[in-house]
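Here is the structure we will look at, set down as structure tokens.
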Protein chains: 2
Amino acid sequence: MEITRQTDYAIRCILYLSGKQDQPTVVDEIAQEMSIPKSFLSKIVQKLSRAAILESFRGSKGGFKLARKPAEISLLDVIEAMQGTAAANKCAVDKAQCNLSCTCIVHPVWIELRKQTEDYLRGINFENLHPKAY
Amino acid sequence: MEITRQTDYAIRCILYLSGKQDQPTVVDEIAQEMSIPKSFLSKIVQKLSRAAILESFRGSKGGFKLARKPAEISLLDVIEAMQGTAAANKCAVDKAQCNLSCTCIVHPVWIELRKQTEDYLRGINFENLHPKAY
DNA sequence: CTGATTATGGAAATCACTCGTCAAACAGAT
DNA sequence: ATCTGTTTGACGAGTGATTTCCATAATCAG
Ligand code: SF4
Ligand code: SF4
């Protein structure tokens, strides 16, 4: 379940928006503030809004803001929006990925690991994440 | 912690060797039996013997066999031998990978996730894995 | 000793995916 | 209409995984 840099950026981005609720924020600002390449960030917020985690507004006075409360966005949500799934091995996503999966003895291990990981990440949202430090 | 195909092969390979204890087995045989490209498998068993998980014997009647009992080889051992670590995010391996790590609020999450994952995988060895099915 | 057998090690080809850029098209506000 | 800022798709460098090939070294059997 390698966390890709894209996902890491996404998390930083949502973290930033958690502090600026309600008024839309421009990509440029987030990019500078969080040191993320701007054009790359464009792609990221796009994905996030398609996943209904962010809401986008075009035109002047446009930008992005959270589509739900920080407490209702979990780390797992973000990871799944960005890279599909939090599984370690392809066969834990889809049995068909490996033709041995029906007989393979290791297969259940990855399934279980995936469950554990997801449970943990589901429990972490941007409400209980944000205010602790900073 | 994406499980790479190399690691998956390594696991299948050790699984096979768990059933053939004591007499060395030739790479060719493992490759055919487990449907792994032979030349690639050569590289894999090499890594595994450098990690003291397999033992190698040259010459005729040579081959590979487990260096320890199946019960003493955990999934975590294999993963670490093959891909270094079982962490999801680079910063969980080495703080220096990210210059934000000292202030980042998400950092501890990855550390904790890594611990959980490792604990789980450490508990699974090739003794309690192998005989269940087959 | 000789020859067959098998692992070792390095170089390199191929492939897929990630990271990041660019530019043109589109939509909202004034 | 114009300005601002998002949307979208195409594109390219770079990185790492996967895989093959070959020349070399060690070991065993005769
Ligand atoms: S061999 Fe087993 S563990 Fe590996 S991908 Fe196939 S089903 Fe999953
Ligand atoms: S930003 Fe935080 S979570 Fe992401 S790599 Fe850096 S320390 Fe880790």
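Each chain of the structure tokens is named A, B, ... in the order shown, its residues numbered from 1; ligands are numbered from 1 in display order.
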
Residues near DG12 of chain D, cut-off 12 Å, only C-alpha atoms (C1' of nucleotides), skip fewer than 2 positions along chain, as a PDB file with N, CA, C and O atoms (P, O5', C5', C4', C3', O3' and C1' of nucleotides), in the first residue's frame:
ATOM      1  P    DC C  19       4.433   9.855  -7.033  1.00  0.00           P
ATOM      2  O5'  DC C  19       5.078  11.032  -7.885  1.00  0.00           O
ATOM      3  C5'  DC C  19       6.492  11.065  -8.013  1.00  0.00           C
ATOM      4  C4'  DC C  19       6.897  12.148  -8.979  1.00  0.00           C
ATOM      5  C3'  DC C  19       6.286  13.523  -8.662  1.00  0.00           C
ATOM      6  O3'  DC C  19       7.348  14.447  -8.540  1.00  0.00           O
ATOM      7  C1'  DC C  19       6.021  12.957 -10.959  1.00  0.00           C
ATOM      8  P    DG C  20       7.086  15.854  -7.876  1.00  0.00           P
ATOM      9  O5'  DG C  20       6.792  16.740  -9.169  1.00  0.00           O
ATOM     10  C5'  DG C  20       7.815  16.846 -10.148  1.00  0.00           C
ATOM     11  C4'  DG C  20       7.246  17.362 -11.444  1.00  0.00           C
ATOM     12  C3'  DG C  20       6.374  18.606 -11.327  1.00  0.00           C
ATOM     13  O3'  DG C  20       7.153  19.736 -11.703  1.00  0.00           O
ATOM     14  C1'  DG C  20       5.628  17.070 -12.996  1.00  0.00           C
ATOM     15  P    DT C  21       6.394  21.129 -12.024  1.00  0.00           P
ATOM     16  O5'  DT C  21       6.168  21.045 -13.601  1.00  0.00           O
ATOM     17  C5'  DT C  21       7.236  20.634 -14.442  1.00  0.00           C
ATOM     18  C4'  DT C  21       6.900  20.929 -15.898  1.00  0.00           C
ATOM     19  C3'  DT C  21       6.280  22.312 -16.135  1.00  0.00           C
ATOM     20  O3'  DT C  21       6.907  22.886 -17.276  1.00  0.00           O
ATOM     21  C1'  DT C  21       4.848  20.612 -16.991  1.00  0.00           C
ATOM     22  P    DC C  22       6.605  24.441 -17.640  1.00  0.00           P
ATOM     23  O5'  DC C  22       5.507  24.318 -18.780  1.00  0.00           O
ATOM     24  C5'  DC C  22       5.506  23.146 -19.569  1.00  0.00           C
ATOM     25  C4'  DC C  22       4.521  23.261 -20.713  1.00  0.00           C
ATOM     26  C3'  DC C  22       3.865  24.635 -20.885  1.00  0.00           C
ATOM     27  O3'  DC C  22       3.908  24.977 -22.256  1.00  0.00           O
ATOM     28  C1'  DC C  22       2.200  22.946 -20.550  1.00  0.00           C
TER      29       DC C  22
ATOM     30  P    DA D  10      -5.576  12.898 -24.549  1.00  0.00           P
ATOM     31  O5'  DA D  10      -4.377  13.519 -25.385  1.00  0.00           O
ATOM     32  C5'  DA D  10      -4.334  14.916 -25.638  1.00  0.00           C
ATOM     33  C4'  DA D  10      -2.891  15.381 -25.615  1.00  0.00           C
ATOM     34  C3'  DA D  10      -1.869  14.278 -25.869  1.00  0.00           C
ATOM     35  O3'  DA D  10      -0.879  14.779 -26.748  1.00  0.00           O
ATOM     36  C1'  DA D  10      -1.381  15.330 -23.830  1.00  0.00           C
ATOM     37  P    DG D  14      15.640  13.342 -16.800  1.00  0.00           P
ATOM     38  O5'  DG D  14      14.916  12.386 -15.760  1.00  0.00           O
ATOM     39  C5'  DG D  14      13.946  12.951 -14.871  1.00  0.00           C
ATOM     40  C4'  DG D  14      13.514  11.885 -13.894  1.00  0.00           C
ATOM     41  C3'  DG D  14      14.623  10.895 -13.530  1.00  0.00           C
ATOM     42  O3'  DG D  14      14.536  10.668 -12.141  1.00  0.00           O
ATOM     43  C1'  DG D  14      12.768   9.716 -14.391  1.00  0.00           C
TER      44       DG D  14
END

Step by step, measure atom-to-atom distances between ligand 1 and each residue using only C-alpha atoms (C1' of nucleotides) and all ligand atoms, keep those at most 10 Å, then write them as a PDB file with N, CA and C atoms, in the first residue's frame.
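In the end it all went to out-v6.pdb:
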ATOM      1  N   ALA A  88      -1.973  -4.242   0.341  1.00  0.00           N
ATOM      2  CA  ALA A  88      -0.545  -4.418   0.155  1.00  0.00           C
ATOM      3  C   ALA A  88      -0.247  -5.208  -1.111  1.00  0.00           C
ATOM      4  N   ASN A  89      -1.074  -6.186  -1.401  1.00  0.00           N
ATOM      5  CA  ASN A  89      -0.818  -7.065  -2.532  1.00  0.00           C
ATOM      6  C   ASN A  89      -2.016  -7.011  -3.488  1.00  0.00           C
ATOM      7  N   LYS A  90      -1.728  -7.065  -4.785  1.00  0.00           N
ATOM      8  CA  LYS A  90      -2.801  -6.949  -5.779  1.00  0.00           C
ATOM      9  C   LYS A  90      -3.908  -7.963  -5.518  1.00  0.00           C
ATOM     10  N   CYS A  91      -3.543  -9.142  -5.030  1.00  0.00           N
ATOM     11  CA  CYS A  91      -4.546 -10.178  -4.881  1.00  0.00           C
ATOM     12  C   CYS A  91      -5.523  -9.843  -3.757  1.00  0.00           C
ATOM     13  N   ALA A  92      -5.150  -8.896  -2.895  1.00  0.00           N
ATOM     14  CA  ALA A  92      -6.059  -8.493  -1.826  1.00  0.00           C
ATOM     15  C   ALA A  92      -7.082  -7.494  -2.348  1.00  0.00           C
ATOM     16  N   VAL A  93      -6.817  -6.934  -3.511  1.00  0.00           N
ATOM     17  CA  VAL A  93      -7.765  -6.028  -4.141  1.00  0.00           C
ATOM     18  C   VAL A  93      -8.763  -6.843  -4.949  1.00  0.00           C
ATOM     19  N   ASP A  94      -8.206  -7.730  -5.749  1.00  0.00           N
ATOM     20  CA  ASP A  94      -9.038  -8.482  -6.675  1.00  0.00           C
ATOM     21  C   ASP A  94      -8.409  -9.847  -6.898  1.00  0.00           C
ATOM     22  N   LYS A  95      -9.106 -10.864  -6.487  1.00  0.00           N
ATOM     23  CA  LYS A  95      -8.590 -12.228  -6.603  1.00  0.00           C
ATOM     24  C   LYS A  95      -8.114 -12.546  -8.013  1.00  0.00           C
ATOM     25  N   ALA A  96      -8.810 -11.989  -8.983  1.00  0.00           N
ATOM     26  CA  ALA A  96      -8.522 -12.330 -10.374  1.00  0.00           C
ATOM     27  C   ALA A  96      -7.128 -11.891 -10.812  1.00  0.00           C
ATOM     28  N   GLN A  97      -6.524 -10.996 -10.015  1.00  0.00           N
ATOM     29  CA  GLN A  97      -5.194 -10.512 -10.367  1.00  0.00           C
ATOM     30  C   GLN A  97      -4.164 -11.631 -10.389  1.00  0.00           C
ATOM     31  N   CYS A  98      -4.432 -12.705  -9.680  1.00  0.00           N
ATOM     32  CA  CYS A  98      -3.469 -13.791  -9.589  1.00  0.00           C
ATOM     33  C   CYS A  98      -4.204 -15.101  -9.784  1.00  0.00           C
ATOM     34  N   ASN A  99      -3.750 -15.894 -10.731  1.00  0.00           N
ATOM     35  CA  ASN A  99      -4.469 -17.125 -11.044  1.00  0.00           C
ATOM     36  C   ASN A  99      -4.271 -18.207  -9.985  1.00  0.00           C
ATOM     37  N   LEU A 100      -3.394 -17.943  -9.028  1.00  0.00           N
ATOM     38  CA  LEU A 100      -3.186 -18.922  -7.971  1.00  0.00           C
ATOM     39  C   LEU A 100      -4.090 -18.666  -6.775  1.00  0.00           C
ATOM     40  N   SER A 101      -4.778 -17.530  -6.813  1.00  0.00           N
ATOM     41  CA  SER A 101      -5.427 -17.051  -5.590  1.00  0.00           C
ATOM     42  C   SER A 101      -6.384 -18.050  -4.943  1.00  0.00           C
ATOM     43  N   CYS A 102      -6.964 -18.926  -5.731  1.00  0.00           N
ATOM     44  CA  CYS A 102      -7.931 -19.840  -5.120  1.00  0.00           C
ATOM     45  C   CYS A 102      -7.231 -20.884  -4.254  1.00  0.00           C
ATOM     46  N   THR A 103      -6.034 -21.289  -4.654  1.00  0.00           N
ATOM     47  CA  THR A 103      -5.340 -22.316  -3.884  1.00  0.00           C
ATOM     48  C   THR A 103      -4.269 -21.743  -2.961  1.00  0.00           C
ATOM     49  N   CYS A 104      -3.894 -20.498  -3.177  1.00  0.00           N
ATOM     50  CA  CYS A 104      -2.759 -19.919  -2.454  1.00  0.00           C
ATOM     51  C   CYS A 104      -3.040 -19.791  -0.959  1.00  0.00           C
ATOM     52  N   ILE A 105      -2.072 -20.228  -0.159  1.00  0.00           N
ATOM     53  CA  ILE A 105      -2.273 -20.208   1.280  1.00  0.00           C
ATOM     54  C   ILE A 105      -1.953 -18.849   1.871  1.00  0.00           C
ATOM     55  N   VAL A 106      -1.224 -18.048   1.146  1.00  0.00           N
ATOM     56  CA  VAL A 106      -0.814 -16.754   1.675  1.00  0.00           C
ATOM     57  C   VAL A 106      -1.910 -15.718   1.458  1.00  0.00           C
ATOM     58  N   HIS A 107      -2.708 -15.965   0.475  1.00  0.00           N
ATOM     59  CA  HIS A 107      -3.767 -15.037   0.113  1.00  0.00           C
ATOM     60  C   HIS A 107      -4.548 -14.489   1.316  1.00  0.00           C
ATOM     61  N   PRO A 108      -5.061 -15.350   2.197  1.00  0.00           N
ATOM     62  CA  PRO A 108      -5.839 -14.838   3.330  1.00  0.00           C
ATOM     63  C   PRO A 108      -5.055 -13.873   4.206  1.00  0.00           C
ATOM     64  N   VAL A 109      -3.753 -14.034   4.238  1.00  0.00           N
ATOM     65  CA  VAL A 109      -2.931 -13.141   5.043  1.00  0.00           C
ATOM     66  C   VAL A 109      -3.064 -11.710   4.546  1.00  0.00           C
ATOM     67  N   TRP A 110      -2.972 -11.521   3.262  1.00  0.00           N
ATOM     68  CA  TRP A 110      -3.064 -10.176   2.702  1.00  0.00           C
ATOM     69  C   TRP A 110      -4.454  -9.604   2.896  1.00  0.00           C
ATOM     70  N   ILE A 111      -5.452 -10.460   2.756  1.00  0.00           N
ATOM     71  CA  ILE A 111      -6.822 -10.004   2.990  1.00  0.00           C
ATOM     72  C   ILE A 111      -6.959  -9.459   4.410  1.00  0.00           C
TER      73      ILE A 111
ATOM     74  N   ILE B   3       3.550  -4.977  -1.792  1.00  0.00           N
ATOM     75  CA  ILE B   3       4.281  -6.222  -1.955  1.00  0.00           C
ATOM     76  C   ILE B   3       4.664  -6.366  -3.420  1.00  0.00           C
ATOM     77  N   THR B   4       5.942  -6.352  -3.690  1.00  0.00           N
ATOM     78  CA  THR B   4       6.401  -6.441  -5.067  1.00  0.00           C
ATOM     79  C   THR B   4       6.326  -7.897  -5.550  1.00  0.00           C
ATOM     80  N   ARG B   5       6.307  -8.068  -6.840  1.00  0.00           N
ATOM     81  CA  ARG B   5       6.156  -9.429  -7.350  1.00  0.00           C
ATOM     82  C   ARG B   5       7.345 -10.280  -6.918  1.00  0.00           C
ATOM     83  N   GLN B   6       8.474  -9.663  -6.858  1.00  0.00           N
ATOM     84  CA  GLN B   6       9.674 -10.349  -6.403  1.00  0.00           C
ATOM     85  C   GLN B   6       9.454 -10.990  -5.037  1.00  0.00           C
ATOM     86  N   THR B   7       8.889 -10.219  -4.153  1.00  0.00           N
ATOM     87  CA  THR B   7       8.625 -10.725  -2.812  1.00  0.00           C
ATOM     88  C   THR B   7       7.611 -11.847  -2.844  1.00  0.00           C
ATOM     89  N   ASP B   8       6.605 -11.666  -3.652  1.00  0.00           N
ATOM     90  CA  ASP B   8       5.588 -12.703  -3.774  1.00  0.00           C
ATOM     91  C   ASP B   8       6.228 -14.002  -4.256  1.00  0.00           C
ATOM     92  N   TYR B   9       7.076 -13.907  -5.249  1.00  0.00           N
ATOM     93  CA  TYR B   9       7.811 -15.077  -5.732  1.00  0.00           C
ATOM     94  C   TYR B   9       8.621 -15.700  -4.606  1.00  0.00           C
ATOM     95  N   ALA B  10       9.291 -14.863  -3.864  1.00  0.00           N
ATOM     96  CA  ALA B  10      10.142 -15.348  -2.777  1.00  0.00           C
ATOM     97  C   ALA B  10       9.313 -16.163  -1.787  1.00  0.00           C
ATOM     98  N   ILE B  11       8.145 -15.667  -1.468  1.00  0.00           N
ATOM     99  CA  ILE B  11       7.281 -16.365  -0.526  1.00  0.00           C
ATOM    100  C   ILE B  11       6.851 -17.713  -1.092  1.00  0.00           C
ATOM    101  N   ARG B  12       6.406 -17.703  -2.343  1.00  0.00           N
ATOM    102  CA  ARG B  12       6.009 -18.954  -2.988  1.00  0.00           C
ATOM    103  C   ARG B  12       7.168 -19.943  -2.968  1.00  0.00           C
ATOM    104  N   MET B  34       6.561 -23.654  -9.496  1.00  0.00           N
ATOM    105  CA  MET B  34       5.855 -22.492  -8.978  1.00  0.00           C
ATOM    106  C   MET B  34       5.594 -21.450 -10.062  1.00  0.00           C
TER     107      MET B  34
END

Between atom CA of Asp119 of chain B and atom CA of Val78 of chain B, distance in Å (one decimal):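 Interatomic distance here is 14.0 Å.
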
Show me, as a PDB file with N, CA and C atoms (P, O5', C5', C4', C3', O3' and C1' of nucleotides), in the first residue's frame, the residues that have an atom within 12 Å of segment 26-28 of chain C when counting only C-alpha atoms (C1' of nucleotides), minus same-chain residues fewer than 4 positions from it.
ATOM      1  N   SER A  56     -15.348  22.386  -5.754  1.00  0.00           N
ATOM      2  CA  SER A  56     -14.599  23.362  -6.543  1.00  0.00           C
ATOM      3  C   SER A  56     -15.498  24.488  -7.026  1.00  0.00           C
ATOM      4  N   PHE A  57     -14.925  25.676  -7.169  1.00  0.00           N
ATOM      5  CA  PHE A  57     -15.652  26.839  -7.682  1.00  0.00           C
ATOM      6  C   PHE A  57     -14.808  27.506  -8.742  1.00  0.00           C
ATOM      7  N   ARG A  58     -15.362  27.637  -9.917  1.00  0.00           N
ATOM      8  CA  ARG A  58     -14.605  28.258 -10.994  1.00  0.00           C
ATOM      9  C   ARG A  58     -14.711  29.766 -10.943  1.00  0.00           C
ATOM     10  N   GLY A  59     -13.992  30.359 -11.867  1.00  0.00           N
ATOM     11  CA  GLY A  59     -14.076  31.800 -12.028  1.00  0.00           C
ATOM     12  C   GLY A  59     -13.408  32.567 -10.903  1.00  0.00           C
ATOM     13  N   SER A  60     -13.439  33.862 -10.992  1.00  0.00           N
ATOM     14  CA  SER A  60     -12.829  34.669  -9.941  1.00  0.00           C
ATOM     15  C   SER A  60     -13.584  34.413  -8.641  1.00  0.00           C
ATOM     16  N   LYS A  61     -12.901  34.579  -7.542  1.00  0.00           N
ATOM     17  CA  LYS A  61     -13.442  34.227  -6.226  1.00  0.00           C
ATOM     18  C   LYS A  61     -13.666  32.712  -6.126  1.00  0.00           C
ATOM     19  N   GLY A  62     -13.074  32.007  -7.070  1.00  0.00           N
ATOM     20  CA  GLY A  62     -13.216  30.549  -7.048  1.00  0.00           C
ATOM     21  C   GLY A  62     -12.151  29.911  -6.184  1.00  0.00           C
ATOM     22  N   GLY A  63     -12.011  28.591  -6.332  1.00  0.00           N
ATOM     23  CA  GLY A  63     -11.037  27.853  -5.541  1.00  0.00           C
ATOM     24  C   GLY A  63     -11.629  26.566  -5.029  1.00  0.00           C
TER      25      GLY A  63
ATOM     26  P    DT D   2     -13.023  42.302 -24.444  1.00  0.00           P
ATOM     27  O5'  DT D   2     -12.474  42.153 -22.962  1.00  0.00           O
ATOM     28  C5'  DT D   2     -12.871  43.100 -21.968  1.00  0.00           C
ATOM     29  C4'  DT D   2     -12.440  42.596 -20.593  1.00  0.00           C
ATOM     30  C3'  DT D   2     -11.163  41.755 -20.604  1.00  0.00           C
ATOM     31  O3'  DT D   2     -10.395  42.088 -19.463  1.00  0.00           O
ATOM     32  C1'  DT D   2     -12.890  40.533 -19.606  1.00  0.00           C
ATOM     33  P    DC D   3      -8.809  41.812 -19.445  1.00  0.00           P
ATOM     34  O5'  DC D   3      -8.553  41.548 -17.895  1.00  0.00           O
ATOM     35  C5'  DC D   3      -9.470  42.047 -16.915  1.00  0.00           C
ATOM     36  C4'  DC D   3      -9.708  40.980 -15.863  1.00  0.00           C
ATOM     37  C3'  DC D   3      -8.502  40.061 -15.631  1.00  0.00           C
ATOM     38  O3'  DC D   3      -8.157  40.070 -14.255  1.00  0.00           O
ATOM     39  C1'  DC D   3     -10.494  38.792 -15.920  1.00  0.00           C
ATOM     40  P    DT D   4      -6.834  39.257 -13.805  1.00  0.00           P
ATOM     41  O5'  DT D   4      -7.464  38.130 -12.886  1.00  0.00           O
ATOM     42  C5'  DT D   4      -8.645  38.401 -12.103  1.00  0.00           C
ATOM     43  C4'  DT D   4      -9.233  37.078 -11.670  1.00  0.00           C
ATOM     44  C3'  DT D   4      -8.182  36.042 -11.276  1.00  0.00           C
ATOM     45  O3'  DT D   4      -8.529  35.479 -10.028  1.00  0.00           O
ATOM     46  C1'  DT D   4      -9.669  35.136 -12.899  1.00  0.00           C
ATOM     47  P    DG D   5      -7.384  34.721  -9.168  1.00  0.00           P
ATOM     48  O5'  DG D   5      -7.751  33.205  -9.407  1.00  0.00           O
ATOM     49  C5'  DG D   5      -9.044  32.732  -8.963  1.00  0.00           C
ATOM     50  C4'  DG D   5      -9.396  31.499  -9.729  1.00  0.00           C
ATOM     51  C3'  DG D   5      -8.363  30.361  -9.638  1.00  0.00           C
ATOM     52  O3'  DG D   5      -8.970  29.198  -9.151  1.00  0.00           O
ATOM     53  C1'  DG D   5      -9.081  30.665 -11.844  1.00  0.00           C
ATOM     54  P    DT D   6      -8.139  27.838  -8.952  1.00  0.00           P
ATOM     55  O5'  DT D   6      -9.120  26.799  -9.656  1.00  0.00           O
ATOM     56  C5'  DT D   6     -10.513  26.879  -9.396  1.00  0.00           C
ATOM     57  C4'  DT D   6     -11.265  26.157 -10.494  1.00  0.00           C
ATOM     58  C3'  DT D   6     -10.949  24.660 -10.603  1.00  0.00           C
ATOM     59  O3'  DT D   6     -12.162  23.958 -10.853  1.00  0.00           O
ATOM     60  C1'  DT D   6     -10.559  25.708 -12.672  1.00  0.00           C
ATOM     61  P    DT D   7     -12.107  22.348 -10.940  1.00  0.00           P
ATOM     62  O5'  DT D   7     -11.879  22.068 -12.489  1.00  0.00           O
ATOM     63  C5'  DT D   7     -12.848  22.514 -13.416  1.00  0.00           C
ATOM     64  C4'  DT D   7     -12.596  21.869 -14.776  1.00  0.00           C
ATOM     65  C3'  DT D   7     -12.157  20.406 -14.766  1.00  0.00           C
ATOM     66  O3'  DT D   7     -12.997  19.704 -15.673  1.00  0.00           O
ATOM     67  C1'  DT D   7     -10.664  21.701 -16.080  1.00  0.00           C
ATOM     68  P    DT D   8     -12.993  18.117 -15.708  1.00  0.00           P
ATOM     69  O5'  DT D   8     -12.074  17.770 -16.951  1.00  0.00           O
ATOM     70  C5'  DT D   8     -12.157  18.589 -18.119  1.00  0.00           C
ATOM     71  C4'  DT D   8     -11.000  18.281 -19.048  1.00  0.00           C
ATOM     72  C3'  DT D   8     -10.421  16.882 -18.896  1.00  0.00           C
ATOM     73  O3'  DT D   8     -10.639  16.193 -20.109  1.00  0.00           O
ATOM     74  C1'  DT D   8      -8.721  18.529 -19.106  1.00  0.00           C
TER      75       DT D   8
END

Within 6 Å of segment 71-73 of chain B using only C-alpha atoms (C1' of nucleotides), minus same-chain residues under 2 positions, as a PyMOL selection string: chain B and resi 69+125-127

Shell of 12 Å around Asp28 of chain B, only C-alpha atoms (C1' of nucleotides), local chain residues under 3 positions omitted, as a PyMOL selection string: (chain B and resi 13+24-25+31-42+45+62-64) or (chain C and resi 6-7)

Selection: 8 Å around Ile53 of chain B, only C-alpha atoms (C1' of nucleotides), excl. self and same-chain fewer than 3 positions, as a list in words: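 Non-adjacent residues within range: Leu48, Ser49, Arg50, Leu66, Ala67, Arg68, Ile73 and Val78 of chain B.
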
Distance-based interface of chain D with chain B, 7 Å, counting only C-alpha atoms (C1' of nucleotides), as a PyMOL selection string: chain D and resi 19-20+26-28

Residue nearest ligand 2 - candidates B:Gln23, B:Leu121, B:Ala81, B:Leu113, atoms counted: only C-alpha atoms and all ligand atoms: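 Counting only C-alpha atoms and all ligand atoms, the residue closest to ligand 2 is B:Leu113.
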
Within 12 Å of chain B: residues of chain C, using only C-alpha atoms (C1' of nucleotides), as a PyMOL selection string: chain C and resi 3-10

Generate the output file for the selected residues, N, CA, C and O atoms (P, O5', C5', C4', C3', O3' and C1' of nucleotides), as a CSV table (one decimal), in the first residue's frame.
chain,number,residue,atom,x,y,z
C,3,DG,P,37.7,-32.8,-20.3
C,3,DG,O5',36.2,-33.1,-19.9
C,3,DG,C5',35.8,-34.4,-19.7
C,3,DG,C4',34.4,-34.4,-19.1
C,3,DG,C3',33.5,-33.3,-19.7
C,3,DG,O3',32.2,-33.9,-19.8
C,3,DG,C1',33.7,-32.9,-17.4
C,4,DA,P,31.0,-33.1,-20.6
C,4,DA,O5',29.9,-33.1,-19.5
C,4,DA,C5',29.7,-34.2,-18.7
C,4,DA,C4',28.9,-33.9,-17.5
C,4,DA,C3',27.7,-32.9,-17.7
C,4,DA,O3',26.6,-33.4,-17.0
C,4,DA,C1',29.1,-32.0,-16.1
C,5,DT,P,25.2,-32.6,-17.1
C,5,DT,O5',25.2,-31.9,-15.7
C,5,DT,C5',25.5,-32.6,-14.5
C,5,DT,C4',25.5,-31.6,-13.4
C,5,DT,C3',24.4,-30.6,-13.4
C,5,DT,O3',23.7,-30.5,-12.2
C,5,DT,C1',26.4,-29.5,-13.1
C,6,DT,P,22.2,-30.0,-12.1
C,6,DT,O5',22.5,-28.6,-11.3
C,6,DT,C5',23.1,-28.7,-10.0
C,6,DT,C4',23.6,-27.3,-9.7
C,6,DT,C3',22.6,-26.2,-10.0
C,6,DT,O3',22.3,-25.5,-8.8
C,6,DT,C1',24.9,-25.6,-10.6
C,7,DA,P,21.4,-24.2,-8.8
C,7,DA,O5',22.4,-23.2,-8.2
C,7,DA,C5',23.0,-23.4,-6.9
C,7,DA,C4',24.2,-22.5,-6.7
C,7,DA,C3',23.8,-21.0,-6.5
C,7,DA,O3',24.6,-20.5,-5.5
C,7,DA,C1',25.2,-21.2,-8.4
C,8,DT,P,24.4,-18.9,-5.1
C,8,DT,O5',25.4,-18.2,-6.1
C,8,DT,C5',26.8,-18.3,-6.0
C,8,DT,C4',27.5,-17.2,-6.7
C,8,DT,C3',26.9,-15.8,-6.4
C,8,DT,O3',28.0,-14.9,-6.1
C,8,DT,C1',27.1,-16.2,-8.8
C,9,DG,P,27.8,-13.5,-5.5
C,9,DG,O5',28.0,-12.5,-6.7
C,9,DG,C5',29.1,-12.8,-7.6
C,9,DG,C4',29.0,-11.8,-8.8
C,9,DG,C3',28.2,-10.6,-8.5
C,9,DG,O3',29.1,-9.5,-8.7
C,9,DG,C1',27.4,-11.6,-10.5
C,10,DG,P,28.6,-8.0,-8.7
C,10,DG,O5',28.5,-7.7,-10.3
C,10,DG,C5',29.5,-8.1,-11.2
C,10,DG,C4',29.1,-7.7,-12.6
C,10,DG,C3',28.4,-6.3,-12.6
C,10,DG,O3',28.9,-5.6,-13.8
C,10,DG,C1',27.0,-8.0,-13.6

d(atom CA of Glu2 of chain A, atom C1' of DA13 of chain D) in Å: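 Taking atom CA of Glu2 of chain A as the start and atom C1' of DA13 of chain D as the end point, the length is 21.9 Å.
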